[in-house]
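Report on the following structure.
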Amino acid sequence: MDLDLIVRQARRRGDAAPCDIGIAGGAIVAVEPAIAGRAARAIDAGGRLVTPPLVNPHVHLDKARLGEVMRPNVSQTLPEAIEITWDFKRAYTEADIVERAGSVVEMGVREGALAVRAFADVDTVGRLMPVRGLLAARARYRHLVTMQVVAFPQEGILRDPGTEALLREAMALGADVVGGLPWYEMTDEDARRHVDIVFDIARERDADIHMLVDDTDDANSRSLEYLAVKTRREGYAGRVSASHCGALAAYNPTHAARVIGLVKEAGITIVSNPHISLVLAGRRDAEPVRRGITRVRELVRAGVNVASGQDDVDDPYYPFGRASQLEVALFMAHTAHLTYPDELETVFDMVTVNAARALRLPRYGLTPGDAGDLLVWDARTVKEALSRQRPPLHVVRAGAVVAQTTIRSELTAGIGHP
Ligand SMILES: [Zn+2]
């Protein structure tokens with residue numbers, strides 16, 4: 001058979017023995033112990049780990065890299081980060097957003113992320129410019145990455161009058177997902193109204209929903225339970241993601257278990273971003289200081305789909321960020337106490353298959369019929385990949401190699417010769 005690419009001796013997760021993976025016409029067409037056919041290109045994986053691509057389910061590409069030009073976030077708090085962003089939002093241009101977002105997309109592709117859910121602020125400060133910028137970036141990088149643009153009301157909907165209409169305009173322009181920020185409204189009643197408005201717009205467009213929920217240590221923040229009940233009532237199982245949900249960690253155990261049960265029944269994905277929660281949450285705690293992430297272990301144990309994202313790359317919220325979902329998984333292992341062998345597989349799921357489920361990516365996997373997208377790691381196991389933190393050796397998109405990494409290092413001092 002005529003193939004575009006054969007990856008020989010690939011070790012898929014869970015397989016006892018390596019196999020050959022054949023790609024033609026942009027899709028995987030054969031997975032066999034040894035493919036006899038020829039291909040335009042062959043990669044010898046040599047028994048190394050081969051996985052589907054990394055998926056980043058939450059990143060603010062419109063704000064990325066503002067850290068290079070902004071004033072410092074002196075209080076290192078969320079409210080000051082939001083204020084700093086206002087100055088820039090008023091001055092954004094489409095070209096500026098495309099350039100900053102594009103640099104993060106390219107960085108992410110080199111790290112193996114071939115799908116991202118990118119949040120664009122929609123509010124009366126920057127109006128629709130962030131959406132226009134990310135839609136332009138989505139078009140420019142279509143060959144490299146599957147980008148879903150979220151129309152995200154960063155200043156609230158009811159506390160920023162005019163935003164509801166702008167959200168509708170953003171969806172009409174071509175945004176993929178309706179965002180939300182219910183906990184940021186002034187009252188519980190407004191938070192519920194916020195959730196209702198987001199569902200109205202999502203229904204009008206038959207779009208999925210991704211809200212940032214209860215991003216606080218405050219146990220009084222209770223948007224998640226309403227979101228879960230609403231999702232069930234609307235029959236939106238599998239189409240709603242909720243990021244952060246830090247307040248869930250502050251609830252008493254009985255109430256937390258009840259909310260986790262509602263989330264599971266509703267079929268909501270929880271996206272927890274450990275870098276950012278570690279830095280922004282627990283700022284007012286006296287010792288012992290909380291870790292800031294939601295109840296990840298309990299959610300996983302309850303069978304909730306949990307994914308993990310980069311969230312921020314050098315912006316008012318966070319000074320670092322390599323767009324490496326492998327690093328995100330490593331942070332999650334530390335932050336959520338997920339370090340036993342099967343738990344390392346769980347954190348890797350959070351940046352691959354679980355995130356792909358949240359984005360409802362079609363044909364995600366390494367069996368015939370799946371998309372011809374894969375990563376060849378410089379590691380034999382997930383544990384080794386997590387430990388080494390090296391980018392994939394080869395990043396393959398639709399059967400074409402789109403990024404490669406070579407790392408060379410040597411000890412130049414001989415042993416015993418100081
Ligand atoms: Zn975020």
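All residue names refer to the structure tokens as shown: chains lettered A, B, ... in order, residues numbered from 1 in each chain, ligands numbered from 1 in order.
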
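Those residues of region 27-61 of chain A that DSSP, working from the backbone, places in strand (DSSP E or B) are Ala27, Ile28, Val29, Ala30, Val31, Glu32, Arg38, Ala39, Ala40, Arg41, Ala42, Ile43, Asp44, Leu49, Val50, Thr51, Leu54, Val55, Asn56, Pro57, His58 and Val59 of chain A.
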
Would you mind exporting the chosen residues as a compact mmCIF listing (two decimals), in the first residue's frame, restricted to N, CA, C and O atoms?
```
# COMPACT_ATOMS: atom_id res chain seq x y z
N ALA A 27 -4.96 10.43 7.52
CA ALA A 27 -5.54 9.62 8.59
C ALA A 27 -4.74 8.35 8.81
O ALA A 27 -4.01 7.89 7.91
N ILE A 28 -4.86 7.78 9.99
CA ILE A 28 -4.21 6.50 10.29
C ILE A 28 -4.99 5.41 9.54
O ILE A 28 -6.22 5.31 9.68
N VAL A 29 -4.27 4.63 8.75
CA VAL A 29 -4.95 3.59 7.96
C VAL A 29 -4.52 2.18 8.37
O VAL A 29 -5.17 1.21 8.00
N ALA A 30 -3.39 2.08 9.09
CA ALA A 30 -2.93 0.75 9.47
C ALA A 30 -2.15 0.81 10.78
O ALA A 30 -1.36 1.73 11.00
N VAL A 31 -2.40 -0.15 11.65
CA VAL A 31 -1.61 -0.35 12.87
C VAL A 31 -1.34 -1.84 12.94
O VAL A 31 -2.24 -2.63 13.18
N GLU A 32 -0.08 -2.21 12.68
CA GLU A 32 0.26 -3.64 12.56
C GLU A 32 1.64 -3.88 13.17
O GLU A 32 2.43 -2.96 13.28
N ARG A 38 5.39 0.56 1.41
CA ARG A 38 6.36 1.64 1.39
C ARG A 38 5.66 2.96 1.70
O ARG A 38 4.46 3.09 1.52
N ALA A 39 6.46 3.92 2.10
CA ALA A 39 5.88 5.23 2.42
C ALA A 39 6.82 6.32 1.94
O ALA A 39 8.02 6.11 1.79
N ALA A 40 6.24 7.49 1.69
CA ALA A 40 7.04 8.65 1.27
C ALA A 40 8.07 8.98 2.34
O ALA A 40 9.17 9.43 2.06
N ARG A 41 7.67 8.75 3.61
CA ARG A 41 8.60 9.04 4.70
C ARG A 41 8.42 8.01 5.80
O ARG A 41 7.30 7.56 6.05
N ALA A 42 9.52 7.65 6.45
CA ALA A 42 9.43 6.71 7.57
C ALA A 42 10.18 7.30 8.77
O ALA A 42 11.21 7.96 8.62
N ILE A 43 9.63 7.06 9.95
CA ILE A 43 10.29 7.44 11.20
C ILE A 43 10.48 6.17 12.00
O ILE A 43 9.52 5.41 12.17
N ASP A 44 11.70 5.92 12.46
CA ASP A 44 11.92 4.77 13.32
C ASP A 44 11.80 5.23 14.78
O ASP A 44 12.68 5.92 15.28
N LEU A 49 7.80 5.81 23.13
CA LEU A 49 6.38 6.11 23.34
C LEU A 49 5.84 6.97 22.20
O LEU A 49 6.45 7.98 21.82
N VAL A 50 4.71 6.56 21.65
CA VAL A 50 4.00 7.35 20.64
C VAL A 50 2.57 7.57 21.13
O VAL A 50 1.91 6.62 21.55
N THR A 51 2.14 8.82 21.14
CA THR A 51 0.80 9.15 21.64
C THR A 51 0.08 10.07 20.65
O THR A 51 0.72 10.69 19.80
N LEU A 54 -0.92 16.39 22.28
CA LEU A 54 -1.37 17.07 23.48
C LEU A 54 -2.49 18.05 23.11
O LEU A 54 -2.53 18.56 21.98
N VAL A 55 -3.38 18.27 24.05
CA VAL A 55 -4.51 19.17 23.83
C VAL A 55 -4.55 20.15 24.99
O VAL A 55 -4.54 19.74 26.16
N ASN A 56 -4.56 21.44 24.67
CA ASN A 56 -4.63 22.47 25.71
C ASN A 56 -6.06 23.03 25.77
O ASN A 56 -6.46 23.79 24.90
N PRO A 57 -6.81 22.68 26.81
CA PRO A 57 -8.24 23.05 26.83
C PRO A 57 -8.52 24.44 27.39
O PRO A 57 -9.70 24.81 27.50
N HIS A 58 -7.48 25.20 27.75
CA HIS A 58 -7.75 26.51 28.36
C HIS A 58 -6.49 27.37 28.29
O HIS A 58 -5.54 27.15 29.03
N VAL A 59 -6.51 28.39 27.41
CA VAL A 59 -5.38 29.33 27.36
C VAL A 59 -5.88 30.68 26.83
O VAL A 59 -6.71 30.74 25.92
```

TODO: Around ligand 1, at most 8 Å away and counting only C-alpha atoms and all ligand atoms, which residues are there? Put them as number ranges by chain, please.
DONE: A: 58-60, 119, 212, 243, 311-312

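With only C-alpha atoms as the atoms that count, the residue of A:Gly108, A:Gly126, A:Gly47, A:Gly292 with the shortest distance to Tyr141 (chain A) is A:Gly108.
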
- [ ] Can you work out which one of A:Ile197, A:Ala228, A:Val145, A:Ala286 has the shortest atom-to-atom distance to Gly180 (chain A), counting only C-alpha atoms?
- [x]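 Residue with the minimum atom-to-atom distance to Gly180 (chain A): A:Ile197.
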
List the spatial neighbours of Pro253 (chain A) as a short mmCIF file (atom, residue, chain, number, x, y, z; two decimals) with C-alpha atoms, in the first residue's frame - criterion: any atom at most 12 Å away, only C-alpha atoms, same-chain residues fewer than 4 positions off excluded.
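Result saved to out07.cif:
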```
data_model
loop_
_atom_site.label_atom_id
_atom_site.label_comp_id
_atom_site.auth_asym_id
_atom_site.auth_seq_id
_atom_site.Cartn_x
_atom_site.Cartn_y
_atom_site.Cartn_z
CA ALA A 219 -16.75 28.79 50.06
CA LEU A 248 -15.26 23.44 45.71
CA ALA A 249 -12.12 22.73 47.73
CA ALA A 257 -19.63 15.46 47.72
CA ARG A 258 -23.12 16.60 46.75
CA VAL A 259 -21.76 19.09 44.16
CA ILE A 260 -19.33 16.52 42.74
CA ARG A 295 -10.77 18.65 44.50
CA GLU A 298 -12.12 13.33 44.39
#
```

Open item on the list: Which residues are close to Tyr226 (chain A), i.e. within 12 Å by only C-alpha atoms, leaving aside same-chain residues fewer than 2 positions away? Reply as a ChimeraX atom specification.
Closed with: /A:182-183,188-196,213-214,221-224,228-233,242,259,262-263,266

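Counting from CA of Asp349 (chain A), the distance to CA of Gly235 (chain A) is 25.8 Å.
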
- [ ] Pull the alpha helix (DSSP H) assignments for region 78-300 of chain A out of DSSP run on the backbone, and list those residues as a PyMOL selection string.
- [x] chain A and resi 78-91+94-110+129-140+163-173+188-205+223-233+247-250+253-266+274-280+296-300

- [ ] Determine the nearest neighbour of Glu327 (chain A) from the options A:Met171, A:Val104, A:Ala24, A:Val347, counting only C-alpha atoms.
- [x]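 The shortest atom-to-atom distance to Glu327 (chain A) comes from A:Val347.
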
Open item on the list: Env of Gly399 (chain A): 10 Å cut, atoms = only C-alpha atoms, seq-sep filter 6 positions within chain, self excluded. Answer as a PyMOL selection string.
Closed with: chain A and resi 3-7+22-28+41+371-374

TODO: Would you mind listing what lies within 10 Å of Phe320 (chain A) as a PyMOL selection string, with only C-alpha atoms counted and same-chain residues fewer than 4 positions away left out?
DONE: chain A and resi 65+67+275-276+312-315

Keeping N, CA, C and O atoms, export the residues of the selection given above as a short mmCIF file (atom, residue, chain, number, x, y, z; two decimals), in the first residue's frame.
```
data_model
loop_
_atom_site.label_atom_id
_atom_site.label_comp_id
_atom_site.auth_asym_id
_atom_site.auth_seq_id
_atom_site.Cartn_x
_atom_site.Cartn_y
_atom_site.Cartn_z
N ARG A 65 1.84 37.04 26.56
CA ARG A 65 3.05 37.84 26.32
C ARG A 65 2.91 39.32 26.65
O ARG A 65 3.81 40.10 26.33
N GLY A 67 3.22 40.29 29.44
CA GLY A 67 4.21 40.41 30.51
C GLY A 67 5.46 41.14 30.07
O GLY A 67 6.16 41.73 30.89
N HIS A 275 -0.72 25.48 37.48
CA HIS A 275 0.25 26.58 37.59
C HIS A 275 -0.41 27.81 38.19
O HIS A 275 0.11 28.45 39.09
N ILE A 276 -1.55 28.16 37.61
CA ILE A 276 -2.19 29.44 37.90
C ILE A 276 -2.82 29.40 39.29
O ILE A 276 -2.73 30.37 40.05
N ASP A 312 -2.35 30.60 31.21
CA ASP A 312 -1.69 31.89 30.95
C ASP A 312 -0.23 31.69 30.54
O ASP A 312 0.44 30.80 31.04
N VAL A 313 0.20 32.55 29.62
CA VAL A 313 1.61 32.56 29.22
C VAL A 313 2.11 34.00 29.33
O VAL A 313 1.71 34.86 28.55
N ASP A 314 2.94 34.25 30.30
CA ASP A 314 3.56 35.56 30.52
C ASP A 314 2.58 36.72 30.33
O ASP A 314 2.68 37.49 29.38
N ASP A 315 1.65 36.82 31.28
CA ASP A 315 0.66 37.90 31.23
C ASP A 315 0.44 38.42 32.65
O ASP A 315 1.17 38.00 33.57
#
```

Open item on the list: Which residues are close to region 74-78 of chain A, i.e. within 9 Å by only C-alpha atoms, leaving aside same-chain residues fewer than 6 positions away? Reply as a ChimeraX atom specification.
Closed with: /A:279-281,283,316-318

- [ ] Would you please work out which residue, of A:Thr381, A:Pro392, A:Gly156, A:Leu134, is nearest to Thr405 (chain A) when using only C-alpha atoms?
- [x]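 Under the stated criterion, the closest residue is A:Pro392.
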
Open item on the list: Using only C-alpha atoms, can you tell me which of A:Ala36, A:Ile201, A:Ala136, A:Ile82 comes closest to Gly102 (chain A)?
Closed with: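 Ranking A:Ala36, A:Ile201, A:Ala136, A:Ile82 by distance to Gly102 (chain A), first place goes to A:Ala136.
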